[in-house]
Every structure is written in C-alpha cells, then in structure tokens.
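Working notes, beginning with the structure itself.
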Amino acid sequence: MATLKVTVNKLNLRSSPVKDFANKENVVGVLHKDAVFESVGVIENELGKWHVGKDGHCVSDKWVGAAISQLGLPEIDFNQFVAAYNFDWFKTNGAGTTIGLIDTGITVSTSYYNNPTEEILSNSNRDLHHGNFIAGILCGKKIVQGIAKDIILYSIKYKSDSEDISIQLTNFIQALTRMLNVDGPLIVNISQGFNAQTIRDKFQNQGQQIIDLIKQISAQKRKLIICAAGDNSAINDVLFPANENECVSVGCIDEFSTDLLIKVKLDILTPMVVCTSFDNAFNKVKDSGSSFSTAMISALAACFLAKYRSIAKQNFLEELKRFSIQKSSFNYGAIKLFQYQIIQ
C-alpha cells in the first residue's frame, strides 16, 4: 500500500480506468490538490498507470506525487501547537472521554477518526464542512492529527445553512438533551450561538429550556460545555449560550482588533490564526475563527478530564492560567503555537 498526494487542483476519481481522459462517464468524485489517495495496487492501459484504492476506485498516476506518510505521520499535527505547554495530562489523548460536537455534522469514517458516531437532527444541506473541520482538530488521524485522538466523537448535526432560527433552536434543545443523557465523562463543543437579545425578545421559552439543560449538564461533575463567543467586535454582540456562566466562553481577535474593549462576560481570548483541517471529503482546507479556538480548548479539556475523571469550569481555567499570556503578545497568521489569555 502507498499513500499518494494529488499534485493538481482537481483530479477525477473514477470507477475504472478509461482510454480517453476526456471521458467523464465513470467519474465518481473529485480529489483536490494535496488530498491523499491510498493505493493498494496498480494497473496499466494505453494512458499509463492507474492507482486503485480499497473500494476499487482509481486515479491516474500522471497527477499524483510520490508516496508520502509511509510511517503514518500526519501532515498537520495539532499536538505540536500545544506541545510547549507542560501539562501532565496532555498525553492522555482524551482516552475514555466523549466530545459531543453540536454542529453541522461530520463525515463518519473510522479511517480518519477512531470512534465516530453521528446523529442527524437536520436533514438539510450537508455541504457545510464546519463540523468536519472541527472534528479534525479534536481527534483527526492520518492527514490531520487531532489533540484528543482517543476520544469517542459524538457528532450531532443540528443545523444547516437553510433553516430558520426556530427549527435550529428545536434541534439545539434536542442535542443538549442527548448530551445530558450521555453516560460518562463528556466535553460539549458548541461553535455557533444565537443573539441573546433575540432569544429574550422572541424565543423566551426555548431560551429557558436551553438554560435549564445547560445547568443540568454542568451540574454533573464529569461534564463541561465549551462555547464559541464570536470574533472581533462580534464578541460584544453577546452570543447565547456562550454568555451563560456555566459555559466556558472562547472569543477571538485579529491583529486589527487588539484595542477592542470587551464589555461582556468572556473566559478565554485567543488570536485569530489560520488552521488547516478536513472538509467533508477529507481534503485539507484552511479557515480561521473562534470556532477553531473553541475546538482546541475542548480537546484540551477532554485530555484534562481523561486524567482527573472530573472537571469543573473554575479548576480547568485555573490550570490553563499557567500558560496564559497577554493579548499584546499574540501572534497572527498561520498557527504556530496555540496562544490564549484567561481574562475572566
């Protein structure tokens, strides 16, 4: 078996070799540049060599590079971004814990995650790769190595880009109810939120249900909720449920917002950096924002929980304070070191 890298912008994945590259009848997918292809064999025809995968699909040898990752080393390793921090619990890899990912869903694959499961509450558009990107940071393996690679990943797809807020709130309440009933150590990762004023004005009943569920989840000694709180000035827009005291809230600023006066409750501030993780086809893509800082914190929390078998918001934040820095020292651009300031 060889792991090959795509060297062109788009490469057709075919059900069988063809005699004319212009023939698109048997194209079953597209691999983008830097995607990898696991070859289990080679066949030849008039157009040269074709690499065949486990499922029988193939790609032309003309547009893939030399074998890579022969030792199983990932191309992107999020462990290296926190390796400088001397946490004695870091090497647990989150074993024995669950991360509940309430987001846009994942692509379930045991090739890329150790223990993935998914529940779908929203059957709308599945093209959003936000959830799969976060999952790579949390517990990816192979191309992208996540921080807590030994967790049980429990993904709940609660939203898409085509549903109104009332449907999203109904699904969100169902997702939190599932989290409440998870048996065992659990970190809940929430990357999106709702405007708190809108909830108070128009959705009081649903808002109160969410608050009650958060309090019940947080009252369990082996559970903690981590929430994204927005980017730059949007931090002050007050995202719900990140503004709830039980949740660990994570905000993000870029280099143009270093003088931002934060007027709301915020626990952790991070620099906005560019991360690389998975799209829904496990190609590498780049993105930035507080969602991905939230994922880093959730992964660290899972490792902490794996060591101590219980977790409380204040104790966890006190532990993180050991390596907290002032925002004046933040670095931006491509991520090189995960930086944060505990500001509560």
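So you can find residues: chains in the structure tokens are A, B, ... in the order shown, residues in each start at 1, and ligands are numbered from 1 in order.
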
Quiz prompt | Shell of 7 Å around Ile99 of chain A, only C-alpha atoms, local chain residues under 4 positions omitted, as a VMD selection string | solution = chain A and resid 151 to 154 186 to 189

Write out as CSV a residue-level contact list of segment 44-152 of chain A versus segment 216-227 of chain A with cut-off 12 Å: for each qualifying residue the closest pair of atoms and the distance in Å to one decimal, counting only C-alpha atoms, rows sorted by chain and residue number upward.
residue,atom,partner,partner_atom,distance
A:Gly96,CA,A:Arg222,CA,11.5
A:Thr97,CA,A:Arg222,CA,9.3
A:Thr98,CA,A:Lys223,CA,9.5
A:Ile99,CA,A:Lys223,CA,9.7
A:Gly100,CA,A:Ile225,CA,9.2
A:Leu101,CA,A:Ile226,CA,10.2
A:Ile102,CA,A:Cys227,CA,10.2
A:Asp103,CA,A:Cys227,CA,11.3

Put those residues in a file: N, CA and C atoms, as a PDB file, in the first residue's frame.
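again-v9.pdb, freshly written:
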ATOM      1  N   GLY A  96     -11.126   7.512  27.016  1.00  0.00           N
ATOM      2  CA  GLY A  96     -12.197   7.258  27.961  1.00  0.00           C
ATOM      3  C   GLY A  96     -13.203   8.379  28.083  1.00  0.00           C
ATOM      4  N   THR A  97     -13.034   9.460  27.320  1.00  0.00           N
ATOM      5  CA  THR A  97     -13.979  10.573  27.365  1.00  0.00           C
ATOM      6  C   THR A  97     -14.697  10.699  26.021  1.00  0.00           C
ATOM      7  N   THR A  98     -15.811  11.413  26.049  1.00  0.00           N
ATOM      8  CA  THR A  98     -16.581  11.711  24.846  1.00  0.00           C
ATOM      9  C   THR A  98     -16.561  13.208  24.609  1.00  0.00           C
ATOM     10  N   ILE A  99     -16.415  13.608  23.355  1.00  0.00           N
ATOM     11  CA  ILE A  99     -16.677  15.001  22.988  1.00  0.00           C
ATOM     12  C   ILE A  99     -17.955  15.022  22.167  1.00  0.00           C
ATOM     13  N   GLY A 100     -18.942  15.757  22.670  1.00  0.00           N
ATOM     14  CA  GLY A 100     -20.188  15.944  21.940  1.00  0.00           C
ATOM     15  C   GLY A 100     -20.060  17.173  21.061  1.00  0.00           C
ATOM     16  N   LEU A 101     -20.083  16.983  19.762  1.00  0.00           N
ATOM     17  CA  LEU A 101     -19.881  18.060  18.801  1.00  0.00           C
ATOM     18  C   LEU A 101     -21.239  18.465  18.234  1.00  0.00           C
ATOM     19  N   ILE A 102     -21.801  19.542  18.758  1.00  0.00           N
ATOM     20  CA  ILE A 102     -23.088  20.051  18.282  1.00  0.00           C
ATOM     21  C   ILE A 102     -22.796  21.069  17.195  1.00  0.00           C
ATOM     22  N   ASP A 103     -23.008  20.673  15.939  1.00  0.00           N
ATOM     23  CA  ASP A 103     -22.513  21.491  14.837  1.00  0.00           C
ATOM     24  C   ASP A 103     -23.242  21.133  13.547  1.00  0.00           C
TER      25      ASP A 103
END

Give me, as CSV, the closest atom pair and its distance (Å, one decimal) for every residue of segment 98-198 of chain A within a cut-off of 7 Å of segment 255-279 of chain A, counting only C-alpha atoms, rows sorted by chain and rising number.
residue,atom,partner,partner_atom,distance
A:His129,CA,A:Asp279,CA,5.0
A:Asn132,CA,A:Phe278,CA,5.9
A:Phe133,CA,A:Phe278,CA,4.7
A:Gly136,CA,A:Ser277,CA,5.6
A:Ile137,CA,A:Ser277,CA,6.7
A:Val144,CA,A:Ser277,CA,6.2

Would you save the residues of that selection, restricted to all heavy atoms, as an mmCIF file, in the first residue's frame?
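Output contents, as saved in again_18.cif:
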data_model
loop_
_atom_site.group_PDB
_atom_site.id
_atom_site.type_symbol
_atom_site.label_atom_id
_atom_site.label_comp_id
_atom_site.auth_asym_id
_atom_site.auth_seq_id
_atom_site.Cartn_x
_atom_site.Cartn_y
_atom_site.Cartn_z
ATOM 1 N N HIS A 129 -18.772 22.138 5.705
ATOM 2 C CA HIS A 129 -17.718 21.278 6.270
ATOM 3 C C HIS A 129 -17.263 21.751 7.649
ATOM 4 O O HIS A 129 -16.281 21.238 8.191
ATOM 5 C CB HIS A 129 -16.529 21.178 5.307
ATOM 6 C CG HIS A 129 -15.781 22.472 5.116
ATOM 7 N ND1 HIS A 129 -15.710 23.105 3.902
ATOM 8 C CD2 HIS A 129 -15.056 23.230 5.969
ATOM 9 C CE1 HIS A 129 -14.987 24.204 4.024
ATOM 10 N NE2 HIS A 129 -14.576 24.296 5.272
ATOM 11 N N ASN A 132 -16.859 18.929 10.257
ATOM 12 C CA ASN A 132 -15.762 18.013 9.962
ATOM 13 C C ASN A 132 -14.409 18.688 10.182
ATOM 14 O O ASN A 132 -13.439 18.043 10.597
ATOM 15 C CB ASN A 132 -15.870 17.500 8.520
ATOM 16 C CG ASN A 132 -15.494 16.046 8.392
ATOM 17 O OD1 ASN A 132 -15.909 15.209 9.178
ATOM 18 N ND2 ASN A 132 -14.680 15.730 7.400
ATOM 19 N N PHE A 133 -14.334 19.989 9.914
ATOM 20 C CA PHE A 133 -13.114 20.756 10.163
ATOM 21 C C PHE A 133 -12.787 20.722 11.660
ATOM 22 O O PHE A 133 -11.648 20.461 12.056
ATOM 23 C CB PHE A 133 -13.319 22.193 9.685
ATOM 24 C CG PHE A 133 -12.065 23.020 9.596
ATOM 25 C CD1 PHE A 133 -11.479 23.286 8.366
ATOM 26 C CD2 PHE A 133 -11.467 23.542 10.738
ATOM 27 C CE1 PHE A 133 -10.319 24.062 8.284
ATOM 28 C CE2 PHE A 133 -10.314 24.314 10.662
ATOM 29 C CZ PHE A 133 -9.739 24.574 9.429
ATOM 30 N N GLY A 136 -11.545 17.336 12.913
ATOM 31 C CA GLY A 136 -10.125 17.102 12.643
ATOM 32 C C GLY A 136 -9.237 17.661 13.734
ATOM 33 O O GLY A 136 -8.270 17.026 14.166
ATOM 34 N N ILE A 137 -9.559 18.871 14.212
ATOM 35 C CA ILE A 137 -8.793 19.482 15.301
ATOM 36 C C ILE A 137 -8.933 18.666 16.581
ATOM 37 O O ILE A 137 -7.967 18.434 17.306
ATOM 38 C CB ILE A 137 -9.270 20.925 15.543
ATOM 39 C CG1 ILE A 137 -9.002 21.794 14.304
ATOM 40 C CG2 ILE A 137 -8.589 21.525 16.775
ATOM 41 C CD1 ILE A 137 -9.612 23.181 14.385
ATOM 42 N N VAL A 144 -4.552 14.758 9.146
ATOM 43 C CA VAL A 144 -4.640 15.736 10.238
ATOM 44 C C VAL A 144 -4.701 14.980 11.552
ATOM 45 O O VAL A 144 -5.571 14.136 11.754
ATOM 46 C CB VAL A 144 -5.888 16.628 10.080
ATOM 47 C CG1 VAL A 144 -6.033 17.546 11.280
ATOM 48 C CG2 VAL A 144 -5.814 17.445 8.792
#

Exercise. Point out the residue among A:Asn195, A:Thr177, A:Asn245, A:Ser293 with the least atom-to-atom distance to Asp231 of chain A, counting only C-alpha atoms.
Key: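 Nearest to Asp231 of chain A: A:Ser293.
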
Self-check item: Residue nearest Leu13 of chain A - candidates A:Cys58, A:Ala35, A:Val52, A:Val108, atoms counted: only C-alpha atoms
Solution: A:Cys58

Exercise. Within 8 Å of Asn79 of chain A, counting only C-alpha atoms, which residues show up once you throw out same-chain ones fewer than 4 positions away? Write them as a list of chain:residue names, please.
Key: A:Ala83, A:Gln145, A:Gly146, A:Ile147

Exercise. From a DSSP pass on the backbone, collect the residues of segment 42-269 of chain A flagged as strand (DSSP E) and hand them back as a PyMOL selection string.
Key: chain A and resi 42-45+48-52+58-60+76-77+98-103+116-120+144-145+152-157+186-190+194-195+223-231+239-240+248-253+268-269

Self-check item: Nearby residues (only C-alpha atoms) at most 10 Å from Gln197 of chain A, same-chain spacing under 2 positions excluded, as a PyMOL selection string
Solution: chain A and resi 194-195+199-204+237-240

Only C-alpha atoms, please: the residues just picked out, written as an mmCIF file, in the first residue's frame.
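The result, written out as selection_4.cif:
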data_model
loop_
_atom_site.group_PDB
_atom_site.id
_atom_site.type_symbol
_atom_site.label_atom_id
_atom_site.label_comp_id
_atom_site.auth_asym_id
_atom_site.auth_seq_id
_atom_site.Cartn_x
_atom_site.Cartn_y
_atom_site.Cartn_z
ATOM 1 C CA PHE A 194 -27.783 32.789 18.954
ATOM 2 C CA ASN A 195 -28.103 36.503 19.655
ATOM 3 C CA ILE A 199 -33.721 34.882 22.393
ATOM 4 C CA ARG A 200 -35.018 37.118 25.190
ATOM 5 C CA ASP A 201 -37.391 39.009 22.888
ATOM 6 C CA LYS A 202 -38.782 36.260 20.660
ATOM 7 C CA PHE A 203 -37.870 32.813 21.980
ATOM 8 C CA GLN A 204 -38.101 33.012 25.758
ATOM 9 C CA ASP A 237 -22.941 41.154 20.455
ATOM 10 C CA VAL A 238 -23.486 38.615 23.275
ATOM 11 C CA LEU A 239 -23.829 35.110 21.896
ATOM 12 C CA PHE A 240 -26.152 32.684 23.656
#

Exercise. Find, counting only C-alpha atoms, the residue in A:Asp61, A:His130, A:Gly48, A:Lys141 that gets nearest to Asp287 of chain A.
Key: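 Closest residue, counting only C-alpha atoms: A:His130.
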
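Across the model, the gap from atom CA of Lys215 of chain A to atom CA of Thr198 of chain A is 20.7 Å.
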
Name all residues at most 6 Å from segment 301-314 of chain A (count only C-alpha atoms; drop same-chain ones fewer than 6 positions away) and give them as a JSON list (two decimals) with N, CA and C atoms, in the first residue's frame.
[["chain", "number", "residue", "atom", "x", "y", "z"],
["A", 89, "TRP", "N", -1.31, 16.11, 31.94],
["A", 89, "TRP", "CA", -2.46, 15.35, 31.47],
["A", 89, "TRP", "C", -2.57, 15.34, 29.95],
["A", 90, "PHE", "N", -1.69, 16.06, 29.30],
["A", 90, "PHE", "CA", -1.81, 16.23, 27.85],
["A", 90, "PHE", "C", -1.72, 14.90, 27.09],
["A", 92, "THR", "N", -2.78, 12.02, 27.70],
["A", 92, "THR", "CA", -3.88, 11.06, 27.82],
["A", 92, "THR", "C", -4.62, 10.88, 26.50],
["A", 93, "ASN", "N", -4.49, 11.86, 25.60],
["A", 93, "ASN", "CA", -5.19, 11.84, 24.31],
["A", 93, "ASN", "C", -6.71, 11.77, 24.46],
["A", 94, "GLY", "N", -7.20, 12.10, 25.67],
["A", 94, "GLY", "CA", -8.64, 12.10, 25.89],
["A", 94, "GLY", "C", -9.26, 10.73, 26.04],
["A", 95, "ALA", "N", -8.45, 9.71, 26.24],
["A", 95, "ALA", "CA", -8.96, 8.33, 26.30],
["A", 95, "ALA", "C", -10.03, 8.18, 27.37],
["A", 221, "LYS", "N", -20.47, 16.25, 37.55],
["A", 221, "LYS", "CA", -19.06, 16.53, 37.81],
["A", 221, "LYS", "C", -18.12, 16.11, 36.69],
["A", 222, "ARG", "N", -18.63, 15.29, 35.78],
["A", 222, "ARG", "CA", -17.76, 14.82, 34.69],
["A", 222, "ARG", "C", -18.15, 15.43, 33.35]]

Please build the interface table for segment 179-285 of chain A against segment 157-173 of chain A with a cut-off of 9 Å, listing for each qualifying residue the nearest atom pair and the distance in Å to one decimal; count only C-alpha atoms, order rows by chain and increasing number, and write it as CSV.
residue,atom,partner,partner_atom,distance
A:Phe194,CA,A:Ile165,CA,8.4
A:Phe203,CA,A:Ser166,CA,8.0
A:Gln206,CA,A:Leu169,CA,6.8
A:Gly207,CA,A:Leu169,CA,8.3
A:Gln209,CA,A:Ile173,CA,7.1
A:Ile210,CA,A:Ile173,CA,6.0
A:Leu213,CA,A:Ile173,CA,8.0

Quiz item: Excluding same-chain residues fewer than 4 positions from Lys62 of chain A, what lies within 12 Å of it counting only C-alpha atoms, as a ChimeraX atom specification?
Solution: /A:4-8,11-12,21,44,47-51,66

Go ahead and write the selection's residues with N, CA, C and O atoms as a PDB file, in the first residue's frame.
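Full text of again-v5.pdb as output:
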ATOM      1  N   LEU A   4      -0.489   8.369  -1.667  1.00  0.00           N
ATOM      2  CA  LEU A   4      -0.089   9.285  -2.725  1.00  0.00           C
ATOM      3  C   LEU A   4      -0.762  10.639  -2.548  1.00  0.00           C
ATOM      4  O   LEU A   4      -1.877  10.725  -2.022  1.00  0.00           O
ATOM      5  N   LYS A   5      -0.106  11.700  -3.011  1.00  0.00           N
ATOM      6  CA  LYS A   5      -0.634  13.049  -2.887  1.00  0.00           C
ATOM      7  C   LYS A   5      -1.017  13.594  -4.259  1.00  0.00           C
ATOM      8  O   LYS A   5      -0.270  13.468  -5.226  1.00  0.00           O
ATOM      9  N   VAL A   6      -2.190  14.230  -4.329  1.00  0.00           N
ATOM     10  CA  VAL A   6      -2.654  14.855  -5.568  1.00  0.00           C
ATOM     11  C   VAL A   6      -1.834  16.112  -5.830  1.00  0.00           C
ATOM     12  O   VAL A   6      -1.648  16.937  -4.938  1.00  0.00           O
ATOM     13  N   THR A   7      -1.363  16.283  -7.060  1.00  0.00           N
ATOM     14  CA  THR A   7      -0.477  17.400  -7.390  1.00  0.00           C
ATOM     15  C   THR A   7      -1.123  18.454  -8.276  1.00  0.00           C
ATOM     16  O   THR A   7      -0.482  19.438  -8.633  1.00  0.00           O
ATOM     17  N   VAL A   8      -2.387  18.258  -8.667  1.00  0.00           N
ATOM     18  CA  VAL A   8      -3.096  19.234  -9.496  1.00  0.00           C
ATOM     19  C   VAL A   8      -4.299  19.762  -8.710  1.00  0.00           C
ATOM     20  O   VAL A   8      -4.666  19.223  -7.665  1.00  0.00           O
ATOM     21  N   LEU A  11      -8.511  16.383  -9.496  1.00  0.00           N
ATOM     22  CA  LEU A  11      -8.209  15.092 -10.115  1.00  0.00           C
ATOM     23  C   LEU A  11      -9.452  14.218 -10.036  1.00  0.00           C
ATOM     24  O   LEU A  11     -10.013  14.020  -8.953  1.00  0.00           O
ATOM     25  N   ASN A  12      -9.871  13.698 -11.172  1.00  0.00           N
ATOM     26  CA  ASN A  12     -11.064  12.862 -11.200  1.00  0.00           C
ATOM     27  C   ASN A  12     -10.808  11.510 -10.536  1.00  0.00           C
ATOM     28  O   ASN A  12      -9.792  10.849 -10.810  1.00  0.00           O
ATOM     29  N   PHE A  21      -8.959  10.556 -21.370  1.00  0.00           N
ATOM     30  CA  PHE A  21      -9.179  11.357 -20.167  1.00  0.00           C
ATOM     31  C   PHE A  21     -10.397  12.270 -20.287  1.00  0.00           C
ATOM     32  O   PHE A  21     -10.972  12.686 -19.286  1.00  0.00           O
ATOM     33  N   GLU A  44      -2.356  -0.991 -15.661  1.00  0.00           N
ATOM     34  CA  GLU A  44      -1.904  -0.146 -16.760  1.00  0.00           C
ATOM     35  C   GLU A  44      -2.806  -0.319 -17.978  1.00  0.00           C
ATOM     36  O   GLU A  44      -3.370  -1.380 -18.206  1.00  0.00           O
ATOM     37  N   LEU A  47      -3.080   4.735 -21.445  1.00  0.00           N
ATOM     38  CA  LEU A  47      -2.786   6.045 -20.861  1.00  0.00           C
ATOM     39  C   LEU A  47      -1.796   5.977 -19.712  1.00  0.00           C
ATOM     40  O   LEU A  47      -1.505   6.987 -19.075  1.00  0.00           O
ATOM     41  N   GLY A  48      -1.285   4.799 -19.429  1.00  0.00           N
ATOM     42  CA  GLY A  48      -0.288   4.662 -18.382  1.00  0.00           C
ATOM     43  C   GLY A  48      -0.804   3.944 -17.149  1.00  0.00           C
ATOM     44  O   GLY A  48      -1.754   3.164 -17.217  1.00  0.00           O
ATOM     45  N   LYS A  49      -0.206   4.245 -15.998  1.00  0.00           N
ATOM     46  CA  LYS A  49      -0.552   3.564 -14.752  1.00  0.00           C
ATOM     47  C   LYS A  49      -1.777   4.188 -14.097  1.00  0.00           C
ATOM     48  O   LYS A  49      -2.005   5.403 -14.171  1.00  0.00           O
ATOM     49  N   TRP A  50      -2.559   3.319 -13.428  1.00  0.00           N
ATOM     50  CA  TRP A  50      -3.708   3.750 -12.634  1.00  0.00           C
ATOM     51  C   TRP A  50      -3.588   3.145 -11.233  1.00  0.00           C
ATOM     52  O   TRP A  50      -3.367   1.943 -11.088  1.00  0.00           O
ATOM     53  N   HIS A  51      -3.702   3.980 -10.227  1.00  0.00           N
ATOM     54  CA  HIS A  51      -3.648   3.506  -8.842  1.00  0.00           C
ATOM     55  C   HIS A  51      -5.058   3.171  -8.377  1.00  0.00           C
ATOM     56  O   HIS A  51      -5.987   3.956  -8.564  1.00  0.00           O
ATOM     57  N   ALA A  66       4.828  11.366  -5.448  1.00  0.00           N
ATOM     58  CA  ALA A  66       5.472  10.211  -4.828  1.00  0.00           C
ATOM     59  C   ALA A  66       4.785   9.852  -3.524  1.00  0.00           C
ATOM     60  O   ALA A  66       4.069  10.652  -2.924  1.00  0.00           O
TER      61      ALA A  66
END

Practice problem: Please measure the separation of atom CA of Asp183 of chain A and atom CA of Gly251 of chain A, giving the value in Å to one decimal. | Solution: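 One can read the atom CA of Asp183 of chain A to atom CA of Gly251 of chain A distance as 29.3 Å.
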
Quiz prompt | Among listed residues A:Val28, A:Ile235, A:Ala281, A:Leu138, nearest Ala299 of chain A (using only C-alpha atoms) | solution = A:Leu138
